[in-house]
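What follows is the content of protein_3.cif (mmCIF, C-alpha atoms and all ligand atoms).
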```cif
data_query
loop_
_atom_site.label_atom_id
_atom_site.label_comp_id
_atom_site.auth_asym_id
_atom_site.auth_seq_id
_atom_site.Cartn_x
_atom_site.Cartn_y
_atom_site.Cartn_z
CA MET A 151 26.25 23.74 12.85
CA LYS A 152 23.80 21.11 14.18
CA ILE A 153 20.56 22.82 15.16
CA ILE A 154 17.66 21.28 17.10
CA ILE A 155 14.27 22.99 16.80
CA THR A 156 11.34 22.08 19.06
CA GLY A 157 7.95 22.79 17.49
CA ALA A 158 6.84 22.61 13.84
CA GLY A 159 4.63 25.70 13.82
CA VAL A 160 5.21 28.69 11.57
CA SER A 161 8.33 29.87 13.43
CA GLY A 162 9.90 26.40 13.67
CA LEU A 163 9.33 25.54 10.01
CA ALA A 164 10.39 28.98 8.74
CA ALA A 165 13.59 28.74 10.79
CA ALA A 166 14.19 25.19 9.54
CA ALA A 167 13.68 26.13 5.87
CA ASP A 168 16.05 29.08 6.18
CA LEU A 169 18.73 27.30 8.22
CA VAL A 170 18.79 24.24 5.93
CA ALA A 171 19.20 26.59 2.95
CA ARG A 172 22.15 28.19 4.76
CA GLY A 173 23.86 24.82 5.04
CA HIS A 174 23.15 23.91 8.66
CA GLU A 175 22.20 20.42 9.82
CA VAL A 176 18.67 20.82 11.19
CA GLU A 177 16.26 18.54 13.08
CA VAL A 178 12.72 19.70 13.95
CA TYR A 179 10.90 17.85 16.76
CA GLU A 180 7.12 18.30 16.92
CA ARG A 181 4.99 17.03 19.81
CA ALA A 182 1.88 16.27 17.72
CA PRO A 183 1.65 13.04 15.69
CA GLU A 184 1.09 15.13 12.54
CA LEU A 185 1.68 18.73 11.50
CA ARG A 186 -0.82 20.93 13.32
CA ALA A 187 -2.18 22.64 10.22
CA GLY A 188 -5.35 23.80 11.94
CA GLY A 189 -6.40 27.31 12.74
CA ASN A 190 -8.16 29.95 10.76
CA GLY A 191 -7.26 32.96 8.68
CA VAL A 192 -4.10 34.97 9.29
CA LEU A 193 -2.93 38.23 7.76
CA ILE A 194 0.55 38.15 6.32
CA TRP A 195 1.68 41.74 6.11
CA HIS A 196 4.14 43.11 3.57
CA ASN A 197 7.18 42.45 5.80
CA ALA A 198 6.30 38.77 6.15
CA THR A 199 5.44 38.18 2.48
CA GLY A 200 8.88 39.70 1.77
CA ILE A 201 10.43 37.10 4.05
CA LEU A 202 8.44 34.25 2.45
CA ARG A 203 9.63 35.48 -0.94
CA ASP A 204 13.19 35.66 0.40
CA LEU A 205 12.81 31.98 1.36
CA GLY A 206 11.93 31.30 -2.28
CA LEU A 207 8.31 30.36 -1.57
CA PRO A 208 5.66 30.82 -4.27
CA LEU A 209 3.42 33.61 -2.89
CA GLU A 210 0.99 33.08 -5.76
CA ARG A 211 0.02 29.74 -4.15
CA LEU A 212 -1.00 31.48 -0.96
CA GLY A 213 -4.41 32.89 0.00
CA ARG A 214 -5.61 36.17 -1.40
CA ARG A 215 -3.97 39.57 -1.91
CA MET A 216 -5.48 42.31 0.27
CA ASP A 217 -5.69 45.82 -1.22
CA THR A 218 -7.68 47.70 1.41
CA ALA A 219 -8.31 47.45 5.15
CA ASP A 220 -11.62 49.12 5.97
CA VAL A 221 -12.96 50.06 9.39
CA TRP A 222 -16.73 50.31 9.88
CA SER A 223 -18.96 51.03 12.84
CA SER A 224 -21.31 48.25 13.92
CA ARG A 225 -24.11 50.26 12.29
CA GLY A 226 -22.35 50.11 8.93
CA GLU A 227 -20.90 53.64 8.84
CA PRO A 228 -17.46 53.85 7.16
CA LEU A 229 -14.82 55.10 9.63
CA MET A 230 -11.49 54.60 7.87
CA ARG A 231 -9.84 53.04 4.85
CA THR A 232 -6.18 52.03 4.53
CA ASP A 233 -4.86 51.61 1.01
CA LEU A 234 -2.61 48.56 1.24
CA THR A 235 -1.60 48.85 -2.44
CA ARG A 236 0.25 52.08 -1.60
CA ILE A 237 2.22 50.26 1.09
CA ALA A 238 2.86 47.38 -1.35
CA ALA A 239 4.18 49.91 -3.88
CA VAL A 240 6.63 51.33 -1.31
CA LEU A 241 7.77 48.01 0.18
CA GLY A 242 7.62 45.86 -2.96
CA THR A 243 5.55 43.01 -1.52
CA PRO A 244 1.79 42.52 -0.98
CA CYS A 245 -0.37 41.92 2.09
CA ILE A 246 -1.97 38.45 1.86
CA ALA A 247 -4.80 36.86 3.85
CA ALA A 248 -4.43 33.08 4.05
CA MET A 249 -5.37 30.08 6.14
CA ARG A 250 -2.72 29.33 8.79
CA GLY A 251 -2.64 25.72 7.56
CA ASP A 252 -1.82 26.83 4.02
CA VAL A 253 1.11 28.90 5.31
CA LEU A 254 2.31 25.95 7.38
CA ARG A 255 2.10 23.52 4.45
CA LEU A 256 3.95 25.95 2.16
CA LEU A 257 6.76 26.18 4.72
CA ALA A 258 6.77 22.41 5.30
CA ASP A 259 7.22 21.88 1.53
CA ALA A 260 10.39 24.00 1.75
CA VAL A 261 11.91 21.71 4.42
CA PRO A 262 13.72 18.60 3.07
CA GLU A 263 12.26 15.20 3.89
CA GLY A 264 13.45 13.66 7.14
CA VAL A 265 14.09 16.98 8.90
CA ILE A 266 10.69 17.06 10.67
CA ARG A 267 10.15 14.35 13.30
CA LEU A 268 6.60 14.00 14.58
CA GLY A 269 5.30 12.68 17.88
CA LYS A 270 8.36 13.99 19.76
CA GLU A 271 7.51 16.07 22.82
CA CYS A 272 10.39 17.92 24.43
CA ALA A 273 10.35 17.00 28.13
CA GLU A 274 13.80 17.90 29.44
CA ILE A 275 16.78 19.96 28.33
CA VAL A 276 20.34 19.38 29.49
CA GLU A 277 22.90 22.13 28.85
CA ARG A 278 26.40 20.70 28.51
CA PRO A 279 29.77 22.10 27.42
CA GLY A 280 29.66 22.79 23.68
CA GLY A 281 25.97 22.09 23.18
CA VAL A 282 22.65 20.88 24.42
CA THR A 283 20.74 17.60 24.74
CA VAL A 284 16.94 17.39 24.46
CA ARG A 285 15.11 14.46 26.03
CA PHE A 286 11.67 13.54 24.67
CA THR A 287 8.74 11.97 26.49
CA ASP A 288 9.31 8.68 24.62
CA GLY A 289 12.75 8.42 26.26
CA THR A 290 14.80 9.23 23.13
CA THR A 291 17.25 12.16 22.97
CA ALA A 292 18.72 14.55 20.42
CA ASP A 293 22.05 16.44 20.63
CA GLY A 294 22.77 19.77 18.98
CA ASP A 295 25.17 22.70 19.01
CA VAL A 296 22.14 24.98 19.30
CA LEU A 297 18.53 24.55 20.50
CA ILE A 298 15.76 26.80 19.16
CA GLY A 299 12.53 26.75 21.16
CA ALA A 300 9.73 27.25 18.62
CA ASP A 301 7.17 25.47 20.77
CA GLY A 302 4.51 28.15 21.16
CA TYR A 303 3.24 30.24 24.05
CA ARG A 304 3.40 27.46 26.67
CA SER A 305 6.93 26.63 25.60
CA ALA A 306 8.83 23.88 27.42
CA VAL A 307 12.09 25.54 26.36
CA ARG A 308 11.00 28.90 27.82
CA THR A 309 10.02 27.15 31.04
CA HIS A 310 13.44 25.45 31.17
CA LEU A 311 15.14 28.82 30.71
CA PHE A 312 13.05 31.08 32.87
CA GLY A 313 10.87 28.94 35.13
CA ALA A 314 7.09 29.00 35.26
CA ASP A 315 5.39 30.23 32.08
CA ASP A 316 4.51 33.90 32.33
CA ALA A 317 2.10 34.21 29.37
CA ARG A 318 -0.96 36.07 30.68
CA TYR A 319 -4.53 36.06 29.42
CA THR A 320 -5.45 39.56 28.23
CA GLY A 321 -9.14 39.30 29.15
CA LEU A 322 -10.23 38.75 25.54
CA ALA A 323 -10.67 35.75 23.25
CA SER A 324 -11.49 35.25 19.58
CA TRP A 325 -14.50 33.22 18.57
CA HIS A 326 -13.52 32.45 15.02
CA GLY A 327 -13.98 30.17 12.05
CA THR A 328 -14.17 29.93 8.28
CA THR A 329 -17.21 29.88 6.03
CA THR A 330 -17.79 29.21 2.35
CA GLU A 331 -21.14 31.03 2.42
CA PRO A 332 -21.07 34.02 0.04
CA LEU A 333 -20.83 37.23 2.11
CA ASP A 334 -20.50 40.72 0.65
CA LEU A 335 -17.26 42.12 2.12
CA GLY A 336 -17.23 45.14 -0.20
CA GLY A 337 -14.70 43.52 -2.54
CA ASP A 338 -12.62 40.38 -3.04
CA HIS A 339 -9.37 41.98 -1.87
CA CYS A 340 -10.61 43.78 1.18
CA VAL A 341 -10.43 43.27 4.98
CA PRO A 342 -13.44 44.89 6.68
CA THR A 343 -13.46 45.21 10.48
CA PHE A 344 -16.61 46.29 12.32
CA TYR A 345 -16.31 48.01 15.69
CA GLY A 346 -19.00 48.44 18.32
CA ARG A 347 -19.24 48.93 22.06
CA GLN A 348 -19.51 45.16 22.51
CA GLY A 349 -16.34 44.29 20.62
CA LEU A 350 -15.36 43.77 17.02
CA CYS A 351 -15.87 41.47 14.08
CA THR A 352 -13.31 41.13 11.32
CA LEU A 353 -13.63 39.19 8.08
CA HIS A 354 -11.31 38.44 5.20
CA PRO A 355 -11.31 36.22 2.13
CA VAL A 356 -8.56 33.59 2.34
CA GLY A 357 -8.82 32.09 -1.16
CA ASP A 358 -10.79 29.23 -2.73
CA GLY A 359 -14.11 30.88 -1.82
CA ARG A 360 -13.39 30.73 1.92
CA ILE A 361 -13.95 33.66 4.28
CA HIS A 362 -12.30 33.81 7.71
CA TRP A 363 -14.32 35.60 10.39
CA SER A 364 -13.56 36.44 13.99
CA PHE A 365 -15.47 38.01 16.89
CA GLU A 366 -13.61 39.41 19.88
CA VAL A 367 -15.29 38.55 23.20
CA PRO A 368 -14.35 38.92 26.90
CA PHE A 369 -12.44 36.01 28.42
CA ASP A 370 -10.91 35.70 31.85
CA ASN A 371 -8.88 32.59 32.66
CA GLY A 372 -11.40 30.30 31.08
CA ARG A 373 -14.52 32.22 32.15
CA ARG A 374 -16.23 34.79 30.03
CA ARG A 375 -16.44 37.94 32.09
CA VAL A 376 -19.60 39.80 32.94
CA PRO A 377 -19.92 42.22 30.01
CA PRO A 378 -20.51 45.97 30.38
CA PRO A 379 -24.04 47.15 31.25
CA GLY A 380 -26.41 47.17 28.32
CA THR A 381 -24.60 44.34 26.56
CA ALA A 382 -25.15 41.56 29.06
CA LEU A 383 -25.11 38.00 27.88
CA SER A 384 -27.79 35.91 29.49
CA GLU A 385 -26.65 33.22 31.96
CA ALA A 386 -27.82 30.51 29.58
CA SER A 387 -25.91 31.82 26.59
CA ARG A 388 -22.71 32.26 28.62
CA SER A 389 -22.52 28.57 29.42
CA GLU A 390 -20.21 26.30 27.44
CA GLY A 391 -21.62 25.15 24.10
CA ARG A 392 -23.75 28.26 23.65
CA ARG A 393 -21.32 30.40 21.65
CA LEU A 394 -23.75 30.79 18.77
CA ALA A 395 -26.52 32.07 21.02
CA SER A 396 -24.05 34.39 22.75
CA SER A 397 -22.76 35.75 19.43
CA ARG A 398 -26.28 36.39 18.20
CA GLU A 399 -27.25 38.02 21.46
CA TRP A 400 -24.17 40.18 21.57
CA PHE A 401 -23.54 41.06 17.93
CA GLY A 402 -27.15 40.81 16.72
CA GLY A 403 -28.35 43.98 15.04
CA TRP A 404 -24.93 44.75 13.57
CA ALA A 405 -24.82 45.78 9.89
CA PRO A 406 -24.26 43.28 7.06
CA PRO A 407 -22.13 41.29 6.43
CA VAL A 408 -21.95 40.63 10.22
CA SER A 409 -25.70 40.03 10.42
CA ASP A 410 -25.55 37.79 7.32
CA LEU A 411 -22.73 35.81 8.93
CA LEU A 412 -24.69 35.33 12.17
CA ASP A 413 -27.63 34.01 10.11
CA VAL A 414 -25.57 31.18 8.57
CA LEU A 415 -23.30 30.25 11.52
CA LYS A 416 -23.67 26.94 13.34
CA GLU A 417 -22.54 26.20 16.89
CA GLU A 418 -19.87 23.75 15.73
CA ASP A 419 -18.36 26.40 13.40
CA ILE A 420 -17.14 28.52 16.33
CA ALA A 421 -13.67 27.87 17.80
CA GLU A 422 -12.35 29.77 20.81
CA ALA A 423 -8.80 31.16 21.02
CA PRO A 424 -7.89 33.03 24.24
CA HIS A 425 -5.56 36.00 23.75
CA THR A 426 -2.23 35.81 25.54
CA LEU A 427 0.57 38.26 26.13
CA HIS A 428 4.19 37.80 27.21
CA ASP A 429 6.51 40.44 28.53
CA VAL A 430 9.38 40.76 26.07
CA ARG A 431 12.46 39.84 28.10
CA LYS A 432 15.85 41.45 27.63
CA TRP A 433 17.43 38.12 26.67
CA TRP A 434 15.40 35.27 25.16
CA GLY A 435 17.94 32.54 25.79
CA ARG A 436 21.09 31.39 27.50
CA GLY A 437 24.24 29.78 26.11
CA PRO A 438 23.32 27.63 23.08
CA ILE A 439 19.54 28.07 23.55
CA THR A 440 17.13 30.68 22.21
CA LEU A 441 13.42 31.18 21.45
CA VAL A 442 11.44 32.22 18.37
CA GLY A 443 7.80 33.12 17.69
CA ASP A 444 5.14 32.76 20.39
CA ALA A 445 7.61 31.05 22.73
CA ALA A 446 9.52 34.34 22.87
CA HIS A 447 6.69 36.87 22.69
CA ALA A 448 3.06 35.77 22.41
CA ILE A 449 0.80 38.70 21.44
CA PRO A 450 -2.97 38.94 20.89
CA PRO A 451 -4.15 38.45 17.30
CA ARG A 452 -6.00 41.79 16.97
CA ALA A 453 -3.58 43.19 14.36
CA GLY A 454 -2.63 39.80 12.95
CA TRP A 455 1.05 40.08 13.91
CA GLY A 456 1.66 36.59 15.36
CA VAL A 457 2.67 34.90 12.13
CA ASN A 458 4.52 38.02 11.00
CA GLN A 459 6.63 38.23 14.14
CA ALA A 460 7.37 34.50 13.92
CA LEU A 461 8.66 34.98 10.37
CA GLU A 462 10.73 38.03 11.31
CA ASP A 463 12.36 36.08 14.17
CA SER A 464 13.26 33.17 11.91
CA TRP A 465 14.63 35.47 9.20
CA VAL A 466 16.86 37.42 11.59
CA LEU A 467 17.98 34.25 13.39
CA GLY A 468 19.15 32.72 10.10
CA HIS A 469 21.22 35.81 9.31
CA ALA A 470 22.56 36.02 12.87
CA LEU A 471 23.82 32.43 12.86
CA ASP A 472 25.92 33.27 9.79
CA GLY A 473 27.57 36.10 11.73
CA PRO A 474 30.82 36.23 13.71
CA GLY A 475 31.54 34.69 17.13
CA SER A 476 30.54 31.52 18.99
CA PRO A 477 27.01 30.05 18.60
CA ALA A 478 26.06 31.66 21.94
CA ASP A 479 27.36 35.06 20.73
CA ARG A 480 25.31 34.75 17.56
CA LEU A 481 22.14 33.84 19.42
CA ARG A 482 22.57 36.88 21.71
CA ALA A 483 23.12 39.06 18.59
CA TYR A 484 19.80 37.74 17.23
CA GLU A 485 17.98 38.49 20.50
CA GLN A 486 19.48 41.96 20.67
CA ALA A 487 18.50 42.71 17.07
CA ARG A 488 14.93 41.57 17.67
CA ARG A 489 14.23 42.95 21.14
CA GLY A 490 13.28 46.52 20.24
CA ARG A 491 11.01 45.50 17.40
CA ALA A 492 9.26 42.82 19.51
CA ARG A 493 8.68 45.34 22.31
CA THR A 494 7.25 47.91 19.89
CA VAL A 495 4.88 45.36 18.37
CA ARG A 496 3.83 44.13 21.81
CA GLY A 497 3.12 47.72 22.87
CA ARG A 498 1.01 48.34 19.78
CA ALA A 499 -0.86 45.06 20.20
CA LYS A 500 -1.61 45.93 23.84
CA MET A 501 -2.76 49.43 22.92
CA LEU A 502 -5.08 48.13 20.20
CA ARG A 503 -7.12 46.47 22.94
CA HIS A 504 -8.51 49.93 23.66
CA SER A 505 -9.03 50.98 20.04
CA ASN A 506 -12.82 50.39 19.99
CA ARG A 507 -13.58 53.53 21.94
CA LEU A 508 -11.03 55.58 20.01
CA LEU A 509 -12.38 54.52 16.63
CA LEU A 510 -15.96 55.17 17.62
CA ALA A 511 -14.97 58.59 19.00
CA LEU A 512 -13.33 59.42 15.68
CA ARG A 513 -16.70 59.17 14.03
CA LEU A 514 -18.04 61.73 16.51
CA THR A 515 -15.15 64.19 16.02
CA ARG A 516 -15.24 63.69 12.24
CA ASP A 517 -11.47 63.54 12.26
CA GLY A 518 -11.41 60.43 10.13
CA LEU A 519 -9.25 61.76 7.31
CA GLN A 520 -6.29 62.69 9.49
CA SER A 521 -6.62 59.42 11.39
CA THR A 522 -6.66 57.45 8.17
CA LYS A 523 -3.31 59.01 7.30
CA MET A 524 -2.00 58.09 10.75
CA LEU A 525 -3.27 54.53 10.43
CA GLN A 526 -1.73 54.25 6.96
CA ALA A 527 1.61 55.46 8.32
CA ASN A 528 1.32 53.13 11.31
CA ILE A 529 0.57 50.05 9.21
CA GLN A 530 3.33 51.02 6.81
CA SER A 531 5.92 51.30 9.58
CA SER A 532 4.74 48.04 11.19
CA SER A 533 4.95 46.32 7.81
CA SER A 534 8.42 47.46 6.89
CA TYR A 535 11.32 45.35 7.98
CA LEU A 536 14.65 46.34 6.68
CA ASN A 537 18.24 45.22 6.31
CA ARG A 538 19.14 47.60 9.10
CA ASP A 539 17.12 45.38 11.46
CA LEU A 540 19.68 42.58 11.01
CA PRO A 541 22.51 42.07 13.51
CA PRO A 542 25.79 43.80 12.56
CA GLY A 543 28.11 41.78 10.33
CA THR A 544 25.45 39.46 8.88
CA ALA A 545 24.80 38.89 5.20
CA ARG A 546 22.28 40.94 3.24
CA PRO A 547 19.13 39.08 2.12
CA ALA A 548 18.73 37.93 -1.45
CA ALA A 549 15.52 39.94 -1.93
CA GLU A 550 16.06 43.66 -1.47
CA ALA A 551 12.45 44.60 -0.96
CA VAL A 552 11.79 42.95 2.39
C1 LIG A 601 -3.18 24.50 15.91
C2 LIG A 601 -2.94 25.99 15.94
C3 LIG A 601 -3.89 26.85 15.39
C4 LIG A 601 -3.68 28.22 15.38
N1 LIG A 601 -4.62 29.04 14.81
C5 LIG A 601 -4.42 30.36 14.74
C6 LIG A 601 -5.38 31.22 14.11
O1 LIG A 601 -6.41 30.78 13.63
N2 LIG A 601 -5.13 32.56 14.07
C7 LIG A 601 -3.98 33.08 14.60
O2 LIG A 601 -3.78 34.31 14.53
N3 LIG A 601 -3.04 32.30 15.20
C8 LIG A 601 -3.26 30.96 15.30
N4 LIG A 601 -2.32 30.16 15.91
C9 LIG A 601 -1.13 30.80 16.50
C10 LIG A 601 -0.13 31.20 15.43
O3 LIG A 601 0.21 30.09 14.67
C11 LIG A 601 1.08 31.77 16.14
O4 LIG A 601 0.71 32.93 16.87
C12 LIG A 601 2.21 32.20 15.22
O5 LIG A 601 2.18 31.58 13.98
C13 LIG A 601 3.54 31.89 15.88
O6 LIG A 601 3.74 30.52 15.74
P1 LIG A 601 4.78 29.63 16.50
O7 LIG A 601 5.35 28.71 15.50
O8 LIG A 601 5.72 30.45 17.29
O9 LIG A 601 3.87 28.84 17.55
P2 LIG A 601 2.70 27.78 17.27
O10 LIG A 601 2.01 28.06 16.00
O11 LIG A 601 1.90 27.72 18.52
O12 LIG A 601 3.48 26.39 17.09
C14 LIG A 601 4.13 25.74 18.17
C15 LIG A 601 4.34 24.30 17.82
O13 LIG A 601 5.12 23.68 18.85
C16 LIG A 601 4.57 22.42 19.18
N5 LIG A 601 4.96 22.11 20.57
C17 LIG A 601 4.45 22.64 21.70
N6 LIG A 601 5.08 22.16 22.77
C18 LIG A 601 6.00 21.28 22.32
C19 LIG A 601 6.96 20.45 22.95
N7 LIG A 601 7.12 20.41 24.30
N8 LIG A 601 7.77 19.67 22.17
C20 LIG A 601 7.65 19.69 20.81
N9 LIG A 601 6.74 20.46 20.16
C21 LIG A 601 5.93 21.25 20.90
C22 LIG A 601 3.06 22.63 19.00
O14 LIG A 601 2.39 21.39 18.82
C23 LIG A 601 3.03 23.50 17.74
O15 LIG A 601 3.01 22.73 16.57
C24 LIG A 601 -2.49 28.77 15.96
C25 LIG A 601 -1.53 27.91 16.52
C26 LIG A 601 -1.74 26.54 16.51
C27 LIG A 601 -0.68 25.62 17.11
#
```
Could you write out this file's structure as structure tokens?
Amino acid sequence: MKIIITGAGVSGLAAAADLVARGHEVEVYERAPELRAGGNGVLIWHNATGILRDLGLPLERLGRRMDTADVWSSRGEPLMRTDLTRIAAVLGTPCIAAMRGDVLRLLADAVPEGVIRLGKECAEIVERPGGVTVRFTDGTTADGDVLIGADGYRSAVRTHLFGADDARYTGLASWHGTTTEPLDLGGDHCVPTFYGRQGLCTLHPVGDGRIHWSFEVPFDNGRRRVPPPGTALSEASRSEGRRLASSREWFGGWAPPVSDLLDVLKEEDIAEAPHTLHDVRKWWGRGPITLVGDAAHAIPPRAGWGVNQALEDSWVLGHALDGPGSPADRLRAYEQARRGRARTVRGRAKMLRHSNRLLLALRLTRDGLQSTKMLQANIQSSSSYLNRDLPPGTARPAAEAV
């Protein structure tokens, strides 16, 4: 089958690597003149490391293994600990924190030369009997039996299918970056997250002495919102180019390592990523066209599921295309197999937006132990992705422990 993929992000490259390995003819068209290997740290949960292993990728080249996820109050009181090694023991694969660019490069290495074409922005899609034609902004075209839109949360393919983009801002953004300053995270294999009334700060080592950090701040269609009483940012620090002052004003007084981080940060270190959310539609495509990753279901990064969902989509899509029926039937089987999972993850991601108050209340009720068990079970179920999640009639994966 000849497959056109728009977008060389995580979902596009993972799909390409898998589909080439399954014997399909694949072309990936990326708008940017080079691979967009930017971004900061991402968590790759056990389900997604299973998929990377299934693709034959060397996990040992990627980031750093995470053994615990700790939750602290902004004052430095321990609230919860999740033992990720127990989940790894059950599922057979680790949780890894890595730079997004390192994940992208690992996937790109698994795609044969000539498959990725850069500087090609999808501008128009023509559905025709037996296939689809994509027209690029430079006037060239590409024909395929199938088109996979892997072009992110403002997807041109999604817009072609369903009209105006419906990704909404959630009212939050991440101010995030990476530092090589030594910070004490309580261990080299540990993800600490600090919660306070103002928001949260999460940190994790991503290998080679680098630490990814992220603050969650209010954001409303490009304007930071007026924060709750008692945590007000001054007018001056809310203006563009004053993220450092705002961070210090808002998160100042938090326990180390947050305070240590604020001491060493520079204005130019802080990138802003608004959080977006799609509704998960019943069908993600039509005829020979479908979507994967953020194009299908953008979610906020609070739980670090973006990359993981992109990898799950690509993995299921590869299996589905080997299944019975016409290409359109197989794409609908993929969408059907993925819909429930994507809706569950979206629901959890949306709910997590309100977790600050819950976590801080837990400290007051001293119910932390029970909640830790619940969190452990929750992370374990989110991290498990099984053969039964594949469409009926598709092949079993090579690695059993995904
Ligand atoms: C530069 C960048 C940095 C990021 N940094 C982080 C981060 O630090 N933390 C985090 O949690 N998530 C980050 N993300 C988002 C994260 O990668 C995604 O949530 C997740 O991996 C799903 O990826 P995706 O492949 O579906 O979409 P994306 O990663 O958004 O990739 C989409 C790709 O499609 C290309 N594209 C867009 N429109 C067109 C078009 N019309 N024609 C052809 N190509 C097109 C884009 O250039 C991009 O390369 C980042 C994304 C990008 C693009």
field: atom CA of Gly200 of chain A to atom C15 of ligand LIG 601 (chain A), straight-line distance in Å
entry: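 According to the coordinates, atom C15 of ligand LIG 601 (chain A) and atom CA of Gly200 of chain A are separated by 22.7 Å.
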- request: Between A:Thr283, A:Thr156, A:Thr440, A:Gln459, single out the one closest to Asp301 of chain A, counting all atoms listed in the file.
  value: A:Thr156
- prompt: Taking into account only C-alpha atoms, which residue in the set A:Thr343, A:Thr199, A:Thr218, A:Ser324 is nearest to Thr243 of chain A?
  reply: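 Ranking A:Thr343, A:Thr199, A:Thr218, A:Ser324 by distance to Thr243 of chain A, first place goes to A:Thr199.
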Under the rule of at most 7 Å, produce a per-residue listing of chain A near ligand LIG 601 (chain A): chain, number, name, the closest pair of atoms, and the distance in Å, as a tab-separated table, using all atoms listed in the file.
```
residue	atom	partner	partner_atom	distance
A:Thr156	CA	A:LIG601	C20	4.7
A:Gly157	CA	A:LIG601	O13	3.3
A:Ala158	CA	A:LIG601	O15	4.7
A:Gly159	CA	A:LIG601	O7	3.5
A:Val160	CA	A:LIG601	O7	3.9
A:Ser161	CA	A:LIG601	O7	3.8
A:Gly162	CA	A:LIG601	O7	5.4
A:Tyr179	CA	A:LIG601	C20	5.5
A:Glu180	CA	A:LIG601	N9	3.9
A:Arg181	CA	A:LIG601	N9	3.9
A:Ala182	CA	A:LIG601	O14	5.3
A:Leu185	CA	A:LIG601	O15	6.6
A:Arg186	CA	A:LIG601	C1	5.0
A:Ala187	CA	A:LIG601	C1	6.1
A:Gly188	CA	A:LIG601	C1	4.6
A:Gly189	CA	A:LIG601	N1	3.2
A:Asn190	CA	A:LIG601	O1	3.5
A:Gly191	CA	A:LIG601	O1	5.5
A:Val192	CA	A:LIG601	O2	5.3
A:Arg250	CA	A:LIG601	C6	6.2
A:Lys270	CA	A:LIG601	C20	5.8
A:Glu271	CA	A:LIG601	N8	3.7
A:Cys272	CA	A:LIG601	N8	3.9
A:Ala273	CA	A:LIG601	N7	6.1
A:Ala300	CA	A:LIG601	O8	5.3
A:Asp301	CA	A:LIG601	O13	3.3
A:Gly302	CA	A:LIG601	O9	3.7
A:Tyr303	CA	A:LIG601	O11	6.2
A:Arg304	CA	A:LIG601	N6	6.8
A:Ser305	CA	A:LIG601	N6	5.6
A:Ala306	CA	A:LIG601	N7	5.0
A:Val442	CA	A:LIG601	O8	6.1
A:Gly443	CA	A:LIG601	O8	3.4
A:Asp444	CA	A:LIG601	O8	3.9
A:Ala445	CA	A:LIG601	O8	5.8
A:Ala448	CA	A:LIG601	O4	6.7
A:Pro451	CA	A:LIG601	O2	5.0
A:Gly454	CA	A:LIG601	O2	5.8
A:Gly456	CA	A:LIG601	O4	4.1
A:Val457	CA	A:LIG601	O5	3.8
A:Ala460	CA	A:LIG601	C13	5.0
```
Identify, on the basis of only C-alpha atoms, every residue whose closest approach to Asp217 of chain A does not exceed 7 Å; exclude the query and any residue fewer than 4 positions from it along the same chain; express the result as a PDB file with C-alpha atoms, in the coordinates of the input.
```pdb
ATOM      1  CA  ASP A 233      -4.860  51.610   1.010  1.00  0.00           C
ATOM      2  CA  LEU A 234      -2.610  48.560   1.240  1.00  0.00           C
ATOM      3  CA  THR A 235      -1.600  48.850  -2.440  1.00  0.00           C
ATOM      4  CA  HIS A 339      -9.370  41.980  -1.870  1.00  0.00           C
ATOM      5  CA  CYS A 340     -10.610  43.780   1.180  1.00  0.00           C
TER       6      CYS A 340
END
```
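With only the atoms specified (all atoms listed in the file) counting, those residues at most 7 Å away from (-15.5, 31.2, 16.5) are Ser324, Trp325, His326, Gly327, Ser364, Phe365, Asp419, Ile420, Ala421 and Glu422 of chain A.
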- request: Find the residue from A:Ala238, A:Leu540, A:Val284, A:Val296 that sits nearest to Leu169 of chain A; use all atoms listed in the file when measuring.
  value: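 Counting all atoms listed in the file, the residue closest to Leu169 of chain A is A:Val296.
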Near-segment 358-361 of chain A list (6 Å; all atoms listed in the file; drop same-chain fewer than 6 positions) as a PDB file with C-alpha atoms, in the frame of the given file:
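Generated output (selection.pdb):
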```pdb
ATOM      1  CA  THR A 328     -14.170  29.930   8.280  1.00  0.00           C
ATOM      2  CA  THR A 329     -17.210  29.880   6.030  1.00  0.00           C
ATOM      3  CA  THR A 330     -17.790  29.210   2.350  1.00  0.00           C
TER       4      THR A 330
END
```
field: Length of the atom CA of Thr352 of chain A to atom CA of Thr494 of chain A vector [Å]
entry: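 Going from atom CA of Thr352 of chain A over to atom CA of Thr494 of chain A, I get 23.3 Å.
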Write out as a short mmCIF file (atom, residue, chain, number, x, y, z; two decimals) with C-alpha atoms, in the coordinates of the input each polymer residue whose atoms come within 9 Å of Phe401 of chain A, counting all atoms listed in the file; drop sequence neighbours fewer than 4 positions from it.
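Everything below was put into around14.cif:
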```
data_model
loop_
_atom_site.label_atom_id
_atom_site.label_comp_id
_atom_site.auth_asym_id
_atom_site.auth_seq_id
_atom_site.Cartn_x
_atom_site.Cartn_y
_atom_site.Cartn_z
CA SER A 224 -21.31 48.25 13.92
CA GLY A 346 -19.00 48.44 18.32
CA GLN A 348 -19.51 45.16 22.51
CA GLY A 349 -16.34 44.29 20.62
CA LEU A 350 -15.36 43.77 17.02
CA CYS A 351 -15.87 41.47 14.08
CA PHE A 365 -15.47 38.01 16.89
CA SER A 396 -24.05 34.39 22.75
CA SER A 397 -22.76 35.75 19.43
CA VAL A 408 -21.95 40.63 10.22
CA SER A 409 -25.70 40.03 10.42
CA LEU A 412 -24.69 35.33 12.17
#
```
task: Find the spatial neighbours of Arg431 of chain A, counting only C-alpha atoms, within a cut-off of 9 Å - ignore same-chain residues fewer than 5 positions away - and output them as a PyMOL selection string.
output: chain A and resi 446-447+489+493
Write the residues of the preceding selection, restricted to C-alpha atoms, as a compact mmCIF listing (two decimals), keeping the file's coordinate frame.
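To be explicit, this is the file written out as out19.txt:
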```txt
# COMPACT_ATOMS: atom_id res chain seq x y z
CA ALA A 446 9.52 34.34 22.87
CA HIS A 447 6.69 36.87 22.69
CA ARG A 489 14.23 42.95 21.14
CA ARG A 493 8.68 45.34 22.31
```
